[in-house]
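Single-structure report; data block below.
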Amino acid sequence: MKYNDLKVEKNTRPSRKGRGISAGQGKTAGRGTKGQKARTGHRKMPAGFMGGQRAIMQAVPKLKGFKSFHPKAEVVYTDRLNELKGKIDNYVLADKSLISSPFVKVKIITRGELTAKIDLETQFASKTAIEAIKKAGGSFKQVSILKRPEKKEK
């Protein structure tokens, strides 16, 4: 052990401000004179407070509209289902490029005439679309949204 290796903490007490003239930090205690920052409790101002002027959050213009984190369902029309046969689900619709991915919400909406007999398994369908599917001899089953397969880490 050497003298310069010693870990010694200084032995001074914290300064006691505002305790008279001879204490070195008396009277204003290093806060200057007058003003909001010289008063007690000045640190308890709310975030964005600008001395009674309008706060920065109120002064800055806001963006218009509202962005939802819930993506809307992709729409497939019944007349586009005439090309398909048999059991139809999100994978088949994505294969035929009627939707962007098999892992999105899908809603079937009536447009035109449906002639193909199909067994449809999607998330949503309008009442008239379900009637059109049943009229053509098919069936509709509501299923939940397909989950993306989890990536396996190496």
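Each chain of the structure tokens is named A, B, ... in the order shown, its residues numbered from 1; ligands are numbered from 1 in display order.
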
Enumerate as a VMD selection string all residues of region 61-154 of chain A assigned to strand (DSSP E or B) by DSSP on the backbone, naming them with the chain letters and numbers the document uses. chain A and resid 74 to 77 86 to 88 106 to 109 118 to 122 124 to 125 139 to 142

Kindly export the residues of the current selection with N, CA and C atoms, as an mmCIF file, in the first residue's frame.
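In the end it all went to part-v8.cif:
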```cif
data_model
loop_
_atom_site.group_PDB
_atom_site.id
_atom_site.type_symbol
_atom_site.label_atom_id
_atom_site.label_comp_id
_atom_site.auth_asym_id
_atom_site.auth_seq_id
_atom_site.Cartn_x
_atom_site.Cartn_y
_atom_site.Cartn_z
ATOM 1 N N GLU A 74 -58.775 -5.593 -45.088
ATOM 2 C CA GLU A 74 -58.673 -5.500 -46.538
ATOM 3 C C GLU A 74 -59.951 -6.056 -47.141
ATOM 4 N N VAL A 75 -60.442 -5.393 -48.166
ATOM 5 C CA VAL A 75 -61.738 -5.733 -48.751
ATOM 6 C C VAL A 75 -61.556 -6.631 -49.965
ATOM 7 N N VAL A 76 -62.399 -7.683 -50.024
ATOM 8 C CA VAL A 76 -62.468 -8.558 -51.202
ATOM 9 C C VAL A 76 -63.930 -8.591 -51.627
ATOM 10 N N TYR A 77 -64.196 -8.354 -52.919
ATOM 11 C CA TYR A 77 -65.567 -8.338 -53.416
ATOM 12 C C TYR A 77 -65.979 -9.731 -53.883
ATOM 13 N N GLY A 86 -63.985 -24.384 -54.082
ATOM 14 C CA GLY A 86 -63.641 -25.176 -52.909
ATOM 15 C C GLY A 86 -63.479 -24.327 -51.664
ATOM 16 N N LYS A 87 -62.589 -24.779 -50.777
ATOM 17 C CA LYS A 87 -62.352 -24.088 -49.514
ATOM 18 C C LYS A 87 -61.423 -22.890 -49.746
ATOM 19 N N ILE A 88 -61.877 -21.725 -49.274
ATOM 20 C CA ILE A 88 -61.099 -20.498 -49.460
ATOM 21 C C ILE A 88 -60.809 -19.888 -48.100
ATOM 22 N N VAL A 106 -59.581 -9.672 -43.227
ATOM 23 C CA VAL A 106 -60.233 -9.673 -44.539
ATOM 24 C C VAL A 106 -61.735 -9.515 -44.343
ATOM 25 N N LYS A 107 -62.346 -8.657 -45.166
ATOM 26 C CA LYS A 107 -63.794 -8.516 -45.152
ATOM 27 C C LYS A 107 -64.315 -8.729 -46.560
ATOM 28 N N ILE A 108 -65.339 -9.580 -46.663
ATOM 29 C CA ILE A 108 -65.957 -9.868 -47.953
ATOM 30 C C ILE A 108 -67.176 -8.954 -48.088
ATOM 31 N N ILE A 109 -67.270 -8.274 -49.224
ATOM 32 C CA ILE A 109 -68.362 -7.346 -49.478
ATOM 33 C C ILE A 109 -69.015 -7.695 -50.812
ATOM 34 N N ILE A 118 -68.517 -21.976 -52.928
ATOM 35 C CA ILE A 118 -67.277 -21.860 -52.145
ATOM 36 C C ILE A 118 -67.558 -22.037 -50.663
ATOM 37 N N ASP A 119 -66.570 -22.559 -49.962
ATOM 38 C CA ASP A 119 -66.599 -22.629 -48.498
ATOM 39 C C ASP A 119 -65.585 -21.605 -47.990
ATOM 40 N N LEU A 120 -66.091 -20.478 -47.508
ATOM 41 C CA LEU A 120 -65.253 -19.331 -47.175
ATOM 42 C C LEU A 120 -64.946 -19.290 -45.684
ATOM 43 N N GLU A 121 -63.673 -19.090 -45.346
ATOM 44 C CA GLU A 121 -63.237 -18.952 -43.956
ATOM 45 C C GLU A 121 -62.385 -17.689 -43.841
ATOM 46 N N THR A 122 -63.028 -16.573 -43.480
ATOM 47 C CA THR A 122 -62.330 -15.308 -43.295
ATOM 48 C C THR A 122 -62.787 -14.659 -41.998
ATOM 49 N N PHE A 124 -64.289 -11.431 -41.599
ATOM 50 C CA PHE A 124 -65.547 -10.683 -41.647
ATOM 51 C C PHE A 124 -66.210 -10.862 -43.003
ATOM 52 N N ALA A 125 -67.525 -10.687 -43.020
ATOM 53 C CA ALA A 125 -68.288 -10.660 -44.266
ATOM 54 C C ALA A 125 -69.573 -9.887 -43.999
ATOM 55 N N SER A 139 -70.754 -21.924 -48.059
ATOM 56 C CA SER A 139 -70.899 -21.648 -46.632
ATOM 57 C C SER A 139 -69.853 -20.633 -46.195
ATOM 58 N N PHE A 140 -70.166 -19.942 -45.084
ATOM 59 C CA PHE A 140 -69.230 -18.964 -44.527
ATOM 60 C C PHE A 140 -68.954 -19.320 -43.080
ATOM 61 N N LYS A 141 -67.667 -19.297 -42.712
ATOM 62 C CA LYS A 141 -67.268 -19.536 -41.324
ATOM 63 C C LYS A 141 -66.337 -18.402 -40.914
ATOM 64 N N GLN A 142 -66.670 -17.768 -39.777
ATOM 65 C CA GLN A 142 -65.835 -16.676 -39.278
ATOM 66 C C GLN A 142 -64.691 -17.252 -38.463
#
```

Among chain A, which ones does DSSP assign to helix (DSSP H, G or I) (computed from the backbone)? Answer as JSON, numbers by chain. {"A": [3, 4, 5, 21, 22, 23, 36, 37, 38, 42, 43, 44, 56, 57, 58, 59, 78, 79, 80, 81, 82, 83, 90, 91, 92, 93, 94, 95, 127, 128, 129, 130, 131, 132, 133, 134, 135]}

Point-to-point distance from CA of Gly137 (chain A) to CA of Lys85 (chain A), Å rounded to tenths: 11.6 Å

Contacts of Val60 (chain A) at 12 Å or less, counting only C-alpha atoms, minus same-chain residues fewer than 5 places along, as a PyMOL selection string? chain A and resi 48+54-55

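Residue neighbourhood of region 39-46 of chain A, excluding near-sequence residues (fewer than 2 positions): Thr28, Ala29, Gly30, Arg31, Gly32, Thr33, Lys34, Gly35, Gln36, Lys37, Gly48, Phe49, Met50, Gly51, Gly52, Ala55, Ile56 and Met57 of chain A, at 12 Å, using only C-alpha atoms.
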
What's the separation between CA of Ala94 (chain A) and CA of Pro149 (chain A), in Å to one decimal place? 15.9 Å
